[in-house]
Structures are given as structure tokens and as C-alpha cells.
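A.B. asks: Sharing a structure, written as C-alpha cells. Questions coming.
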Amino acid sequence: MPDFMHEALKEARLAVGVSRPNPPVGAVVVRGDNIIARGHTQVPGKAHAEVMALQAAGEASRGADLFVTLEPCCHYGRTPPCTNAIIAAGIKRVFFFHPDPNPQVAGKSQGILEAAGIQVHGNVSTAGIDSFYEAYDYYVSHKRVFVELKIAQTNDGFIAGPNHERIAITGDVANQWTHELRAASDAIIVGGGTLEHDDPLLTVRGLEGNNPRIVVFSGDRIFSPKLRIFSERTSNAPKPTVYTNVPQPALNDVADIRLQRGNTFDINWLHVLDDLSLANMHRVMVEPGATLVRHIFRSGIWNRLDLWTSPKSIGHGIGWNWGSGMEVSLPMEISEDTLNVFWNEQKPHEGL
């Protein structure tokens with residue numbers, strides 16, 4: 001049978017950055033081995049993924065199957081319950097991946113649908129979906145943005161060349177994984193050094209998905225508007241947000257400038273994360289350089305680290321410092337590179 005949940009996940013990525021504070025959800029309506037309709041959650045107050053897909057399917061949804069990435073909602077909010085729409089559409093079976101941690105939903109939808117004669121199957125997984133709702137779960141519990149760091153290092157522990165020059169570290173599979181994480185993130189943060197040395201675009205490439213909001217967290221550097229995140233921004237993309245200690249007159253027309261007033265890294269870092277949390281963002285991806293990652297680890301204000309290690313060595317370059325208080329997963333060999341995932345055991349939401 002085709003991997004229909006993977007197709008639903010593709011739809012869910014299209015809702016990232018659009019649906020918040022609602023979770024990004026994707027759905028497909030299936031008859032036999034064919035997808036007859038797709039949908040993803042729209043802006044708040046508009047249709048959820050299930051309703052979008054069912055409306056697209058029309059009468060063809062009767063007796064069909066529905067694959068959805070998150071447990072359907074069963075309560076009245078800005079929109080009516082999705083369970084009502086599923087029952088009215090005549091769906092025969094519902095397959096979902098992740099239970100909704102929202103106490104208004106958690107575990108209730110299955111009973112409602114089964115009482116209407118619909119078969120329900122939960123925990124239906126697919127490649128790439130396991131951590132997709134990790135940030136949403138955290139947001140529901142703590143009303144804080146989930147901070148996920150991604151670092152790629154050589155086998156001898158370097159993240160850049162000896163003069164901070166950008167080097168190709170990981171292979172194609174790991175690089176594609178990075179773009180999938182970008183597509184699952186509401187925002188992406190880089191430091192001023194990374195911005196100047198690498199001049200990255202920070203966009204999603206190689207798959208369908210929305211570009212995350214770009215945030216620069218810097219100190220006293222003065223930036224040029226010729227950097228690509230400013231000069232190559234598309235007309236419909238929001239301006240990058242630059243947190244800085246000093247005015248940036250050259251960026252006034254191309255960036256949202258926010259002057260930092262704190263006298264420590266921790267105060268300013270919390271200010272950035274407060275802003276993202278108040279904007280109802282679920283996940284922020286951080287691609288830090290050596291300086292930013294050192295400060296973040298010292299602050300203890302982060303949630304997850306994805307550490308990619310390449311088999312190649314370069315002998316000398318820019319290294320980085322490990323943090324402490326981490327819970328580590330088993331290493332996963334993915335193509336030629338190895339991924340280790342670490343979680344912060346210090347519970348960064350406490351005391352904020």
C-alpha cells in the first residue's frame with residue numbers, strides 16, 4: 001500500500017508558519033490505492049486540514065479513508081469540530097499519527113468517531129514524522145517556543161575552516177534532512193558571525209514547504225544590506241528580524257531592527273525567545289556558529305540538539321564546546337554521516 005501518511009506529512013509542512021497557534025496538520029482522502037483529495041490547516045479561523053481535504057473530495061469521500069497527521073479536533077473553537085465534518089462526509093476509516101496533547105481533544109476524538117461507526121487507527125507512522133509534533137507538544141504544555149539547535153561537525157570536531165570559511169561537511173542526505181527541519185520550523189536563528197562569514201539564504205530547498213522567519217541574533221556587528229537574506233528576499237517574504245546592540249541604519253528598509261537593552265547574553269536571549277513565544281511560534285531552529293552555541297549552552301535555555309558528524313577530517317579549523325546536562329539518543333547512521341540527538345535535561349522552561 002502506498003505511504004499515505006507520508007503524503008499527509010507533506011501537506012502538514014505547508015501549514016507550518018501559517019496555522020499557528022493551531023498545529024500544522026495535513027490530511028489526504030484515499031479510495032483504494034489512490035489519493036482523491038488533499039488539504040492542510042489554514043490560518044486561524046479558517047478550515048482545518050481534514051475539512052479542506054473533505055471539501056475537495058466532495059461526495060467521493062463517502063466510504064473512503066482519511067489519513068491525517070494529528071488526532072482530529074472534537075471541540076468548538078474558531079471553527080466547528082473536525083469530527084463532525086468527518087462523520088458528515090461518510091468517511092469509513094480514519095488513520096492518524098499523533099495524539100493531540102490539547103486537553104480539549106486528547107483521546108476523545110477516537111471515541112466520538114467510533115460511536116459513529118468509523119474505524120479509527122492511531123500511531124500510524126511514516127519516515128520523518130516522529131519529531132514533527134515534538135515542538136507542538138512542548139508549546140501546549142509550557143506556552144514557550146521549542147529551541148532546536150542543528151550543528152554539523154567534521155570527524156575531528158570542527159564546524160568551519162580555520163579562517164571561519166564555510167566548508168561542505170555533511171552529504172546530500174543530511175543536507176536534505178536540514179531542509180526538512182527548516183520546513184518544520186516557524187523561525188530560524190543565526191548569529192552575526194554566521195551571517196557575515198557564510199552569507200546564507202536560510203530558505204527551504206529540495207522539498208515543498210514554507211520558509212521559516214529569519215532571525216539574526218547579534219552584538220555589535222554592522223551588517224550590509226547586500227547580504228543575501230536582505231538583497232535576495234522575495235517581495236512576499238517578511239523582513240528578517242535583526243536583534244542587535246547597535247543601530248543598523250543601512251538595514252532600515254530591508255529588516256525589522258530590534259535594539260537589545262539587556263546587559264547579559266541570557267537576558268537578550270530570553271527576550272528573543274519571549275518574542276517568538278508571544279508570536280505563538282512552536283519551533284525555532286538555530287544554526288549557530290561557535291560563539292553563539294557556546295553562549296546558548298552556558299545559558300541552559302535550549303531544548304534539543306541535532307549533531308551531525310561527518311566521516312571527513314580537516315586537521316584544523318573552528319571547533320565548538322559541548323554542553324553538559326544532556327540526554328543523548330543512540331547514534332543513527334544516515335548515509336555516510338551520523339546523527340546524535342541530545343535533549344536538555346535542565347528543563348529550560350522552569351523559572352522563566
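Numbering starts fresh at 1 for the residues of each chain in the C-alpha cells, the chains themselves are lettered A, B, ... in the order given, and ligands are numbered from 1 as they appear.
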Would you return as number ranges by chain the members of region 147-342 of chain A that DSSP assigns to strand (DSSP E) on this structure's backbone?
C.D. replies: A: 147-153, 158-160, 187-191, 213-217, 241-244, 256-259, 283-286, 304-309, 318-319, 326-328, 332-334, 337-342
A.B. asks: Applying 7 Å and only C-alpha atoms, which residues near region 246-258 of chain A remain after dropping the ones on its own chain fewer than 3 positions away? List them as an MDAnalysis selection string.
C.D. replies: chainID A and resid 220 222 224:225 230 239:243
A.B. asks: Counting only C-alpha atoms, which of A:Cys82, A:Leu227, A:Pro72, A:Asn280 gets nearest to Asn22 (chain A)?
C.D. replies: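 Distance minimum relative to Asn22 (chain A) lands on A:Asn280.
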A.B. asks: Have a look at A:Ala152, A:Leu276, A:Gly192, A:Val68 and name the one nearest to Arg213 (chain A); count only C-alpha atoms.
C.D. replies: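 Closest candidate: A:Leu276.
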A.B. asks: Using only C-alpha atoms, which of the listed residues (A:Met5, A:Leu273, A:Leu66, A:Val190) sits closest to Arg144 (chain A)?
C.D. replies: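 Residue with the minimum atom-to-atom distance to Arg144 (chain A): A:Leu273.
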A.B. asks: Mind giving me the straight-line distance from CA of Asp306 (chain A) to CA of Met285 (chain A) in Å, one decimal?
C.D. replies: 10.2 Å
A.B. asks: Using only C-alpha atoms for the distances, tell me which of A:His271, A:Lys46, A:His197, A:His40 is nearest to Ala8 (chain A).
C.D. replies: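 The shortest atom-to-atom distance to Ala8 (chain A) comes from A:His40.
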A.B. asks: Could you tell me, as JSON, numbers by chain, which residues of region 110-292 of chain A DSSP assigns to alpha helix (DSSP H) when given the backbone?
C.D. replies: {"A": [110, 111, 112, 113, 114, 115, 134, 135, 136, 137, 138, 139, 140, 141, 142, 172, 173, 174, 175, 176, 177, 178, 179, 180, 181, 182, 183, 192, 193, 194, 195, 196, 197, 198, 228, 229, 230, 231, 265, 266, 267, 268, 269, 270, 271, 272, 273, 274, 275, 276, 277, 278, 290, 291, 292]}
A.B. asks: Identify which of the residues A:Ala290, A:Leu207, A:Ile296, A:Val51 lies closest to Gln153 (chain A), counting only C-alpha atoms when measuring atom-to-atom distances.
C.D. replies: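 The closest residue to Gln153 (chain A) is A:Ala290.
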A.B. asks: Report as a list in words all protein, DNA and RNA residues lying within 8 Å of region 103-110 of chain A, evaluated on only C-alpha atoms, omitting residues in the same chain fewer than 3 positions from it.
C.D. replies: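 Close residues of region 103-110 of chain A: Glu71, Pro72, Cys73, Cys74, His75, Thr83, Pro99, Asp100, Leu113, Glu114 and Val120 of chain A.
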A.B. asks: Compare A:Lys226, A:His316, A:His142, A:His98 by their minimum atom-to-atom distance to Leu70 (chain A), counting only C-alpha atoms, and give me the closest one.
C.D. replies: A:His98
A.B. asks: Would you kindly return, as a list in words, each protein, DNA or RNA residue with an atom no farther than 10 Å from any atom of Glu134 (chain A), considering only C-alpha atoms and excluding same-chain residues fewer than 3 positions away?
C.D. replies: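 Result of the neighbour search: His98, Ile129, Asp130, Ser131, Asp137, Tyr138, Tyr139, Phe146, His282 and Arg283 of chain A.
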A.B. asks: Write a file of the selected residues as a PDB file, in the first residue's frame, keeping N, CA and C atoms.
C.D. replies:
```pdb
ATOM      1  N   HIS A  98      -0.389  11.245  15.413  1.00  0.00           N
ATOM      2  CA  HIS A  98      -0.023  11.768  16.735  1.00  0.00           C
ATOM      3  C   HIS A  98      -1.255  12.149  17.537  1.00  0.00           C
ATOM      4  N   ILE A 129       8.318  11.792  10.437  1.00  0.00           N
ATOM      5  CA  ILE A 129       7.202  12.381  11.185  1.00  0.00           C
ATOM      6  C   ILE A 129       7.393  12.293  12.697  1.00  0.00           C
ATOM      7  N   ASP A 130       8.312  11.429  13.161  1.00  0.00           N
ATOM      8  CA  ASP A 130       8.403  11.123  14.582  1.00  0.00           C
ATOM      9  C   ASP A 130       8.575  12.364  15.457  1.00  0.00           C
ATOM     10  N   SER A 131       9.396  13.318  15.034  1.00  0.00           N
ATOM     11  CA  SER A 131       9.647  14.503  15.857  1.00  0.00           C
ATOM     12  C   SER A 131       8.868  15.726  15.379  1.00  0.00           C
ATOM     13  N   ASP A 137       3.874  19.728  21.133  1.00  0.00           N
ATOM     14  CA  ASP A 137       3.623  19.172  22.462  1.00  0.00           C
ATOM     15  C   ASP A 137       4.206  20.083  23.542  1.00  0.00           C
ATOM     16  N   TYR A 138       5.434  20.567  23.306  1.00  0.00           N
ATOM     17  CA  TYR A 138       6.099  21.433  24.269  1.00  0.00           C
ATOM     18  C   TYR A 138       5.350  22.761  24.398  1.00  0.00           C
ATOM     19  N   TYR A 139       4.922  23.311  23.282  1.00  0.00           N
ATOM     20  CA  TYR A 139       4.193  24.588  23.289  1.00  0.00           C
ATOM     21  C   TYR A 139       2.882  24.465  24.065  1.00  0.00           C
ATOM     22  N   PHE A 146       9.906  26.001  21.288  1.00  0.00           N
ATOM     23  CA  PHE A 146      10.844  24.883  21.412  1.00  0.00           C
ATOM     24  C   PHE A 146      12.111  25.242  20.641  1.00  0.00           C
ATOM     25  N   HIS A 282       5.941  27.613  17.473  1.00  0.00           N
ATOM     26  CA  HIS A 282       6.139  26.341  18.153  1.00  0.00           C
ATOM     27  C   HIS A 282       7.608  25.924  18.154  1.00  0.00           C
ATOM     28  N   ARG A 283       8.261  26.008  17.016  1.00  0.00           N
ATOM     29  CA  ARG A 283       9.663  25.561  16.922  1.00  0.00           C
ATOM     30  C   ARG A 283      10.517  26.657  16.295  1.00  0.00           C
TER      31      ARG A 283
END
```
